[in-house]
$ cat input_29.txt   # compact mmCIF, C-alpha atoms
# COMPACT_ATOMS: atom_id res chain seq x y z
CA MET E 1 144.57 87.43 112.78
CA LYS E 2 148.26 86.65 113.28
CA GLU E 3 147.53 85.18 116.71
CA LYS E 4 145.07 82.80 115.05
CA LEU E 5 147.55 81.88 112.33
CA PHE E 6 150.35 81.21 114.81
CA ALA E 7 148.08 79.17 117.09
CA ASN E 8 146.96 77.09 114.13
CA ILE E 9 150.57 76.35 113.20
CA ASP E 10 151.40 75.39 116.79
CA GLN E 11 148.56 72.86 116.63
CA GLN E 12 150.08 71.40 113.47
CA ARG E 13 153.59 71.14 114.93
CA GLU E 14 153.68 67.39 115.54
CA ARG E 15 152.41 66.56 112.06
CA LEU E 16 154.71 69.03 110.32
CA CYS E 17 157.81 67.83 112.14
CA ALA E 18 156.91 64.19 111.48
CA MET E 19 156.67 65.03 107.76
CA ALA E 20 160.07 66.70 107.84
CA ASP E 21 161.61 63.66 109.54
CA ASP E 22 159.93 61.33 107.05
CA ILE E 23 161.34 63.22 104.07
CA PHE E 24 164.75 63.31 105.77
CA ASP E 25 164.64 59.52 106.24
CA HIS E 26 163.69 58.97 102.59
CA PRO E 27 166.13 61.19 100.63
CA GLU E 28 165.37 61.39 96.91
CA ILE E 29 167.46 63.14 94.28
CA GLY E 30 166.03 65.52 91.69
CA HIS E 31 163.11 64.28 89.58
CA GLN E 32 162.81 61.15 91.73
CA GLU E 33 161.03 62.73 94.73
CA THR E 34 157.97 60.45 94.60
CA HIS E 35 157.78 59.79 98.35
CA ALA E 36 157.98 63.50 99.23
CA LEU E 37 155.49 64.35 96.49
CA ALA E 38 152.90 61.95 97.86
CA LEU E 39 153.44 63.07 101.45
CA LEU E 40 153.07 66.78 100.69
CA THR E 41 150.22 66.60 98.22
CA ASP E 42 148.18 64.20 100.38
CA PHE E 43 148.41 66.74 103.22
CA LEU E 44 147.28 69.60 100.98
CA GLU E 45 144.39 67.61 99.58
CA GLU E 46 143.35 66.64 103.09
CA HIS E 47 143.27 70.33 103.99
CA GLY E 48 140.99 71.31 101.14
CA PHE E 49 143.42 72.43 98.44
CA GLN E 50 142.86 71.61 94.79
CA VAL E 51 145.97 69.62 93.93
CA GLN E 52 147.62 68.90 90.60
CA ARG E 53 150.30 66.20 90.81
CA GLY E 54 152.74 66.46 87.96
CA VAL E 55 153.12 69.88 86.37
CA GLY E 56 154.02 70.10 82.70
CA SER E 57 156.85 67.71 81.95
CA LEU E 58 157.91 67.30 85.60
CA ALA E 59 156.27 64.29 87.21
CA THR E 60 157.39 65.23 90.72
CA ALA E 61 156.30 68.88 90.57
CA PHE E 62 152.92 69.92 91.94
CA ARG E 63 150.56 72.86 92.18
CA ALA E 64 147.92 73.30 94.89
CA GLU E 65 145.45 76.16 95.29
CA TYR E 66 142.85 77.38 97.72
CA VAL E 67 140.60 80.31 96.79
CA CYS E 68 139.08 82.54 99.44
CA GLY E 69 135.72 83.92 98.36
CA SER E 70 135.90 85.73 95.04
CA GLY E 71 139.60 85.06 94.54
CA GLU E 72 140.11 88.63 93.36
CA GLY E 73 142.55 89.60 96.10
CA ALA E 74 146.26 88.98 96.56
CA ARG E 75 147.74 85.86 94.96
CA ILE E 76 150.27 84.45 97.41
CA GLY E 77 152.79 81.98 96.03
CA LEU E 78 154.45 79.58 98.48
CA LEU E 79 157.26 77.52 96.93
CA CYS E 80 159.08 74.50 98.34
CA GLU E 81 161.91 72.18 97.37
CA TYR E 82 162.27 68.60 98.58
CA ASP E 83 165.14 67.03 96.64
CA ALA E 84 168.23 65.64 98.36
CA LEU E 85 171.89 65.68 97.42
CA LYS E 86 173.42 62.61 95.87
CA VAL E 87 175.03 60.22 98.37
CA VAL E 88 174.82 62.53 101.41
CA GLY E 89 171.05 63.07 101.49
CA HIS E 90 169.42 66.16 103.01
CA ALA E 91 172.61 68.06 103.86
CA CYS E 92 171.00 71.26 102.56
CA GLY E 93 167.87 71.12 104.70
CA HIS E 94 165.33 70.75 101.89
CA HIS E 95 163.35 68.26 103.99
CA MET E 96 162.15 71.19 106.13
CA GLN E 97 160.85 73.32 103.29
CA GLY E 98 157.71 71.41 102.32
CA PRO E 99 156.38 71.00 105.87
CA ALA E 100 157.04 74.67 106.68
CA ILE E 101 155.29 75.85 103.52
CA LEU E 102 152.37 73.49 104.12
CA GLY E 103 152.01 74.69 107.69
CA ALA E 104 151.71 78.28 106.49
CA ALA E 105 149.36 77.35 103.65
CA ALA E 106 147.03 75.29 105.85
CA ALA E 107 146.86 78.01 108.51
CA LEU E 108 146.03 80.65 105.91
CA LYS E 109 143.36 78.46 104.36
CA GLU E 110 141.70 77.72 107.68
CA GLU E 111 141.90 81.20 109.23
CA LEU E 112 141.51 83.70 106.39
CA PRO E 113 138.05 85.23 105.93
CA ASP E 114 136.41 84.70 102.54
CA SER E 115 136.06 88.47 102.28
CA CYS E 116 139.81 88.87 101.71
CA GLY E 117 139.50 87.22 98.28
CA ALA E 118 143.04 85.82 98.45
CA ARG E 119 144.41 82.88 96.53
CA ILE E 120 146.94 80.64 98.30
CA ILE E 121 148.98 78.81 95.67
CA VAL E 122 151.61 76.24 96.64
CA TYR E 123 154.18 75.11 94.08
CA GLY E 124 156.29 72.02 94.65
CA THR E 125 159.53 72.57 92.73
CA PRO E 126 161.72 69.48 92.26
CA ALA E 127 165.40 69.15 91.37
CA GLU E 128 166.89 72.37 92.72
CA GLU E 129 170.23 70.68 93.41
CA GLY E 130 171.73 70.91 89.94
CA GLY E 131 168.56 70.04 88.05
CA GLY E 132 167.05 73.51 87.74
CA GLY E 133 163.46 72.34 88.11
CA LYS E 134 162.14 75.89 88.39
CA LEU E 135 163.68 76.73 85.01
CA THR E 136 161.57 74.07 83.33
CA MET E 137 158.52 75.17 85.26
CA LEU E 138 159.04 78.78 84.17
CA ASP E 139 159.45 77.71 80.55
CA GLU E 140 156.19 75.81 80.82
CA GLY E 141 154.19 78.74 82.19
CA CYS E 142 154.33 78.26 85.97
CA PHE E 143 154.38 81.13 88.48
CA GLN E 144 152.49 83.53 86.20
CA ASP E 145 149.48 83.12 88.48
CA ILE E 146 151.07 84.61 91.62
CA ASP E 147 151.86 88.15 92.75
CA VAL E 148 154.72 87.21 95.05
CA ALA E 149 156.89 84.12 95.60
CA LEU E 150 157.90 83.13 99.15
CA MET E 151 160.22 80.35 100.31
CA MET E 152 162.15 79.16 103.36
CA HIS E 153 165.57 77.56 103.81
CA GLY E 154 167.46 76.18 106.76
CA SER E 155 170.50 78.28 107.67
CA PRO E 156 173.05 79.15 110.37
CA THR E 157 171.24 82.48 110.88
CA THR E 158 167.73 83.89 110.49
CA CYS E 159 167.85 86.43 107.69
CA THR E 160 166.91 87.22 104.11
CA ASP E 161 169.09 87.73 101.03
CA VAL E 162 169.67 91.05 99.32
CA ARG E 163 170.70 89.39 96.08
CA SER E 164 171.71 86.17 94.36
CA MET E 165 174.20 85.46 91.60
CA ALA E 166 173.26 84.96 87.99
CA CYS E 167 175.23 82.08 86.50
CA THR E 168 175.86 80.96 82.93
CA GLU E 169 177.35 77.51 82.38
CA ALA E 170 179.28 76.67 79.22
CA GLU E 171 181.10 73.61 77.94
CA VAL E 172 183.80 74.38 75.39
CA ILE E 173 185.16 71.76 72.97
CA PHE E 174 188.35 72.40 71.05
CA THR E 175 189.16 70.07 68.15
CA GLY E 176 192.67 69.94 66.66
CA LYS E 177 194.88 67.41 64.92
CA SER E 178 196.77 64.58 66.60
CA ALA E 179 200.45 63.86 65.91
CA HIS E 180 203.49 62.31 67.55
CA ALA E 181 204.87 65.05 69.80
CA ALA E 182 208.51 64.06 69.22
CA LEU E 183 208.63 62.76 65.64
CA LYS E 184 206.11 65.00 63.89
CA PRO E 185 205.06 67.89 66.20
CA ASP E 186 204.72 70.23 63.22
CA ALA E 187 201.85 68.10 61.89
CA GLY E 188 199.83 68.48 65.06
CA ARG E 189 197.47 71.19 66.23
CA SER E 190 196.95 71.00 69.97
CA ALA E 191 193.39 71.37 71.24
CA PHE E 192 194.81 71.46 74.75
CA ASP E 193 196.93 74.51 73.86
CA ALA E 194 193.71 76.29 72.94
CA LEU E 195 192.10 75.31 76.22
CA LEU E 196 195.08 76.61 78.20
CA LEU E 197 195.04 79.83 76.19
CA SER E 198 191.35 80.26 76.95
CA PHE E 199 192.08 79.88 80.68
CA ASN E 200 194.73 82.59 80.39
CA GLY E 201 192.29 84.78 78.48
CA ILE E 202 189.78 84.50 81.31
CA GLU E 203 192.48 85.60 83.76
CA PHE E 204 193.23 88.71 81.69
CA LEU E 205 189.49 89.46 81.41
CA ARG E 206 189.17 89.24 85.18
CA GLU E 207 190.89 92.64 85.56
CA HIS E 208 188.34 94.40 83.35
CA VAL E 209 184.96 93.37 84.74
CA LEU E 210 182.83 94.61 87.62
CA GLU E 211 184.05 93.53 91.03
CA ASP E 212 181.13 91.21 91.74
CA THR E 213 181.90 89.11 88.64
CA ARG E 214 183.05 85.52 89.18
CA MET E 215 184.59 83.30 86.50
CA HIS E 216 185.54 79.66 87.03
CA TYR E 217 186.98 77.00 84.74
CA THR E 218 188.30 73.45 84.77
CA VAL E 219 189.37 70.63 82.44
CA LEU E 220 186.54 68.17 81.84
CA GLU E 221 188.43 65.57 79.80
CA SER E 222 192.06 64.50 80.03
CA PRO E 223 193.92 65.45 76.84
CA GLY E 224 195.91 62.19 76.91
CA PRO E 225 199.62 61.28 77.12
CA ALA E 226 202.31 63.95 76.89
CA ASN E 227 203.95 62.42 73.79
CA VAL E 228 200.83 62.85 71.65
CA VAL E 229 199.56 66.21 70.43
CA PRO E 230 195.98 66.18 71.76
CA ASN E 231 193.29 66.51 69.12
CA LYS E 232 190.50 67.18 71.62
CA ALA E 233 190.19 69.20 74.81
CA VAL E 234 187.03 69.96 76.77
CA GLY E 235 186.64 72.63 79.41
CA SER E 236 183.85 73.73 81.73
CA PHE E 237 183.29 77.45 82.38
CA TYR E 238 180.99 79.27 84.82
CA LEU E 239 180.35 83.01 84.53
CA ARG E 240 178.59 84.75 87.44
CA SER E 241 177.36 88.20 88.39
CA TYR E 242 174.78 89.68 90.75
CA ASN E 243 173.14 91.26 87.70
CA SER E 244 171.71 89.08 84.90
CA ALA E 245 171.78 91.98 82.44
CA TYR E 246 175.49 92.59 83.07
CA LEU E 247 176.26 88.88 82.83
CA GLU E 248 174.59 88.77 79.43
CA SER E 249 176.91 91.58 78.28
CA LEU E 250 179.94 89.44 79.23
CA LYS E 251 179.02 86.54 76.96
CA PRO E 252 180.37 88.13 73.72
CA ARG E 253 183.66 88.87 75.46
CA PHE E 254 183.87 85.27 76.67
CA GLU E 255 183.09 84.02 73.16
CA ASN E 256 185.85 86.20 71.71
CA ILE E 257 188.34 84.62 74.11
CA ILE E 258 187.33 81.15 72.98
CA ARG E 259 187.54 82.07 69.28
CA GLY E 260 190.87 83.81 69.81
CA ALA E 261 192.34 80.83 71.64
CA ALA E 262 191.24 78.54 68.82
CA MET E 263 192.80 80.84 66.20
CA MET E 264 196.13 81.00 68.06
CA ALA E 265 196.29 77.22 68.36
CA GLY E 266 195.01 76.60 64.83
CA VAL E 267 192.07 74.48 65.99
CA GLU E 268 188.28 74.58 65.90
CA SER E 269 186.06 75.54 68.82
CA GLU E 270 182.47 74.90 69.88
CA ILE E 271 180.61 76.46 72.82
CA ARG E 272 177.69 74.56 74.30
CA TYR E 273 175.78 76.68 76.77
CA GLY E 274 174.08 74.90 79.65
CA ARG E 275 171.55 76.27 82.08
CA THR E 276 171.44 79.95 82.98
CA LEU E 277 170.44 81.02 86.48
CA ASP E 278 169.19 84.57 86.83
CA SER E 279 170.00 87.04 89.57
CA LYS E 280 167.40 88.02 92.12
CA VAL E 281 165.84 91.44 91.74
CA PRO E 282 166.16 92.79 95.30
CA VAL E 283 162.89 93.92 96.89
CA LEU E 284 163.89 95.32 100.26
CA ALA E 285 160.31 96.18 101.21
CA LEU E 286 159.42 92.48 100.99
CA ASN E 287 162.50 91.51 102.99
CA ASP E 288 161.44 93.99 105.69
CA ILE E 289 157.94 92.50 105.91
CA ILE E 290 159.41 89.03 106.34
CA MET E 291 161.96 90.09 108.96
CA ASP E 292 159.32 92.04 110.91
CA ASN E 293 157.45 88.77 111.26
CA ALA E 294 160.66 86.92 112.20
CA LYS E 295 161.10 89.39 115.06
CA LEU E 296 157.43 89.02 116.00
CA VAL E 297 157.79 85.25 116.55
CA ASN E 298 161.21 85.60 118.25
CA ALA E 299 163.04 83.54 115.65
CA PRO E 300 166.59 82.59 116.69
CA THR E 301 169.89 84.21 115.63
CA LEU E 302 168.43 87.22 113.82
CA ARG E 303 170.97 88.82 111.53
CA PRO E 304 171.07 91.48 108.75
CA PRO E 305 170.40 90.35 105.17
CA ARG E 306 173.09 88.32 103.42
CA GLU E 307 175.01 90.31 100.83
CA LYS E 308 177.19 87.44 99.60
CA THR E 309 175.27 84.53 98.10
CA GLY E 310 175.54 81.88 95.42
CA SER E 311 173.20 80.90 92.59
CA SER E 312 169.80 79.22 92.66
CA ASP E 313 166.98 78.47 90.26
CA PHE E 314 164.79 80.52 92.63
CA GLY E 315 166.70 83.49 91.20
CA ASN E 316 164.98 82.91 87.86
CA VAL E 317 161.62 83.21 89.59
CA MET E 318 162.68 86.33 91.49
CA TYR E 319 163.92 87.90 88.25
CA ARG E 320 160.37 87.77 86.91
CA LEU E 321 158.29 88.64 89.95
CA PRO E 322 158.84 89.83 93.53
CA GLY E 323 160.12 87.11 95.82
CA SER E 324 162.07 86.41 98.97
CA CYS E 325 163.31 83.49 101.05
CA ILE E 326 163.42 83.48 104.84
CA ARG E 327 166.47 81.63 106.11
CA ILE E 328 165.91 80.08 109.53
CA ALA E 329 168.73 79.30 111.94
CA PHE E 330 168.95 75.63 112.95
CA VAL E 331 172.70 74.91 112.89
CA PRO E 332 175.56 76.72 114.67
CA GLU E 333 176.45 80.10 113.20
CA GLY E 334 179.25 79.78 110.65
CA THR E 335 178.22 76.31 109.49
CA SER E 336 178.45 75.65 105.76
CA SER E 337 175.49 74.17 103.90
CA HIS E 338 175.94 70.79 102.18
CA SER E 339 177.96 69.80 105.23
CA GLN E 340 177.87 66.93 107.70
CA THR E 341 176.67 69.36 110.38
CA PHE E 342 173.57 70.21 108.31
CA LEU E 343 172.92 66.48 108.08
CA ASP E 344 173.54 65.87 111.80
CA TYR E 345 171.04 68.58 112.75
CA GLY E 346 168.38 67.40 110.28
CA LYS E 347 166.04 65.82 112.85
CA THR E 348 166.93 67.84 115.94
CA GLN E 349 164.78 70.10 118.06
CA GLN E 350 166.38 73.04 116.26
CA ALA E 351 165.27 71.68 112.87
CA HIS E 352 161.73 71.12 114.15
CA ASP E 353 161.64 74.63 115.57
CA ALA E 354 162.85 76.01 112.23
CA VAL E 355 159.90 74.39 110.45
CA VAL E 356 157.45 76.05 112.84
CA TYR E 357 159.20 79.43 112.85
CA ALA E 358 159.26 79.52 109.05
CA ALA E 359 155.59 78.56 108.79
CA LYS E 360 154.63 81.37 111.17
CA ILE E 361 156.85 83.96 109.48
CA LEU E 362 155.53 83.20 106.00
CA ALA E 363 151.93 83.03 107.19
CA GLY E 364 152.34 86.39 108.94
CA ALA E 365 154.03 88.00 105.93
CA SER E 366 151.32 86.64 103.64
CA TRP E 367 148.64 88.18 105.84
CA ASP E 368 150.44 91.55 105.76
CA LEU E 369 150.37 91.48 101.96
CA ILE E 370 146.74 90.31 101.83
CA ASP E 371 145.36 92.70 104.45
CA HIS E 372 147.34 95.74 103.28
CA PRO E 373 147.06 96.11 99.49
CA GLU E 374 149.31 99.16 99.67
CA LYS E 375 152.15 96.95 100.91
CA MET E 376 151.72 94.58 97.97
CA ALA E 377 151.64 97.59 95.64
CA ALA E 378 154.86 98.95 97.16
CA VAL E 379 156.56 95.57 96.72
CA LYS E 380 155.54 95.40 93.06
CA ASP E 381 156.62 98.99 92.39
CA GLU E 382 160.04 98.45 93.96
CA PHE E 383 160.53 95.30 91.88
CA VAL E 384 159.80 97.14 88.62
CA GLN E 385 162.01 100.10 89.48
CA THR E 386 164.95 98.00 90.69
CA LYS E 387 164.86 95.73 87.65
CA ALA E 388 164.88 98.77 85.38
CA LYS E 389 167.98 100.11 87.14
CA MET E 390 169.72 96.72 86.85
CA ALA E 391 169.07 96.71 83.10
CA GLN E 392 171.10 99.93 82.79
CA ALA E 393 174.24 98.44 84.36

$ encode --input "input_29.txt" --output "structure tokens"
Amino acid sequence: MKEKLFANIDQQRERLCAMADDIFDHPEIGHQETHALALLTDFLEEHGFQVQRGVGSLATAFRAEYVCGSGEGARIGLLCEYDALKVVGHACGHHMQGPAILGAAAALKEELPDSCGARIIVYGTPAEEGGGGKLTMLDEGCFQDIDVALMMHGSPTTCTDVRSMACTEAEVIFTGKSAHAALKPDAGRSAFDALLLSFNGIEFLREHVLEDTRMHYTVLESPGPANVVPNKAVGSFYLRSYNSAYLESLKPRFENIIRGAAMMAGVESEIRYGRTLDSKVPVLALNDIIMDNAKLVNAPTLRPPREKTGSSDFGNVMYRLPGSCIRIAFVPEGTSSHSQTFLDYGKTQQAHDAVVYAAKILAGASWDLIDHPEKMAAVKDEFVQTKAKMAQA
């Protein structure tokens, strides 16, 4: 079966790479990906998928499904992003994701026997770059119809991730009382003092948290001239951990720092929480299935799983069901994402190869999960057990 899947993807190569180049040449930021949406969904419809354009409140999200026979078998979820970064375009390689996912989906649709009963479900997920499109989709009931979520991403190496960082964003507003700093300083209550005290509080907290915890802060609004006691100060705070449950336990301690800083400065405080990105629940059995297929197709620059990663809205999906992302090498090892090098390599032979490698790897991994129910069961069991352990941290 895998030989048939891989041959099918090879036959699609020219079309898939042309799609990737087209999306690269028409970069669209989050929630504005109309060109990419049309390109990807037209392809899926042409290949016999039932396509829904616009999912919930997101006009540029989509869902496409093909049902083999009874549809009572494995439910394979294939997810793709297609938004660009502001100004610089596709410096994160998202233009490759849709074509790679579509190549895998089309091959599975055309080669799988009806007797397998599988469902191939493709989700187009807009606005990953800061917009958190998957968060909205989760809130609106997406991804409940799949057993496993698979993705691809361009990378300096071919590997998977062991984990991802949960991240809570907060904006803090301190409100004090303005006064002339020289003539009447006693009448003032400095909001900026409170903000500086909160920064110091975070530094003291840093000693008493788990080692994988990250805490960042900055000033969002200038407090004004030095000769005026500032009556308003606004700060931005990020709290991160590789464990969502542990990160949640840090929030009361963070809130105490903010309240304490406000009390010391004699001002009022308000915390406005922004989006929260969950940590991935590691499923090493799923990573192994994916990497076995990466070795099978001789993908370039094979490396062990990444231990050190950032945050992504895909983490929220992988916190709720088993998932994994295959990262495919297409830039020199050591290259940073969101860089000019990522952009320069966007339409190269290496990028085109990455699209095809990813399509084959995900198609092969999907077949392993479809044809071997015990592998899918093992993946689900590991997910449940690992998440339970993380909750005890």

$ residues_around --input "input_29.txt" --residues "E:Leu40" --least-positions-apart "6" --cutoff "9 Å" --atoms "all atoms listed in the file" --output "JSON, numbers by chain"
{"E": [19, 98, 99, 102, 124]}

$ atom_distance --input "input_29.txt" --atom1 "atom CA of E:Leu16" --atom2 "atom CA of E:Val148"
23.7 Å

$ closest_residue --input "input_29.txt" --among "E:Asp161, E:Glu207, E:Asp353, E:Asp368" --to "E:Gly310" --atoms "only C-alpha atoms"
E:Asp161

$ axis_aligned_box --input "input_29.txt" --around "stretch 118-122 of chain E" --padding-each-side "8 Å" --output "JSON"
{"center_x": 147.3, "center_y": 81.0, "center_z": 97.1, "size_x": 24.6, "size_y": 25.6, "size_z": 18.8}

$ atom_distance --input "input_29.txt" --atom1 "atom CA of E:Tyr319" --atom2 "atom CA of E:Pro304"
22.0 Å

$ closest_atom_pairs --input "input_29.txt" --of "stretch 6-32 of chain E" --to "stretch 337-351 of chain E" --cutoff "12 Å" --atoms "only C-alpha atoms" --output "Markdown table"
| residue | atom | partner | partner_atom | distance |
| --- | --- | --- | --- | --- |
| E:Arg13 | CA | E:Gln349 | CA | 11.7 |
| E:Glu14 | CA | E:Gln349 | CA | 11.7 |
| E:Leu16 | CA | E:Ala351 | CA | 11.2 |
| E:Cys17 | CA | E:Ala351 | CA | 8.4 |
| E:Ala18 | CA | E:Lys347 | CA | 9.4 |
| E:Met19 | CA | E:Lys347 | CA | 10.7 |
| E:Ala20 | CA | E:Lys347 | CA | 7.8 |
| E:Asp21 | CA | E:Lys347 | CA | 5.9 |
| E:Asp22 | CA | E:Lys347 | CA | 9.5 |
| E:Ile23 | CA | E:Gly346 | CA | 10.3 |
| E:Phe24 | CA | E:Gly346 | CA | 7.1 |
| E:Asp25 | CA | E:Lys347 | CA | 9.2 |
| E:Pro27 | CA | E:Leu343 | CA | 11.4 |

$ residues_around --input "input_29.txt" --residues "stretch 225-227 of chain E" --least-positions-apart "6" --cutoff "9 Å" --atoms "all atoms listed in the file" --output "list in words"
Ala179, His180, Ala181 and Ala182 of chain E

$ residues_around --input "input_29.txt" --residues "E:Ile121" --least-positions-apart "3" --cutoff "8 Å" --atoms "all atoms listed in the file" --output "VMD selection string"
chain E and resid 63 to 66 75 to 78 146
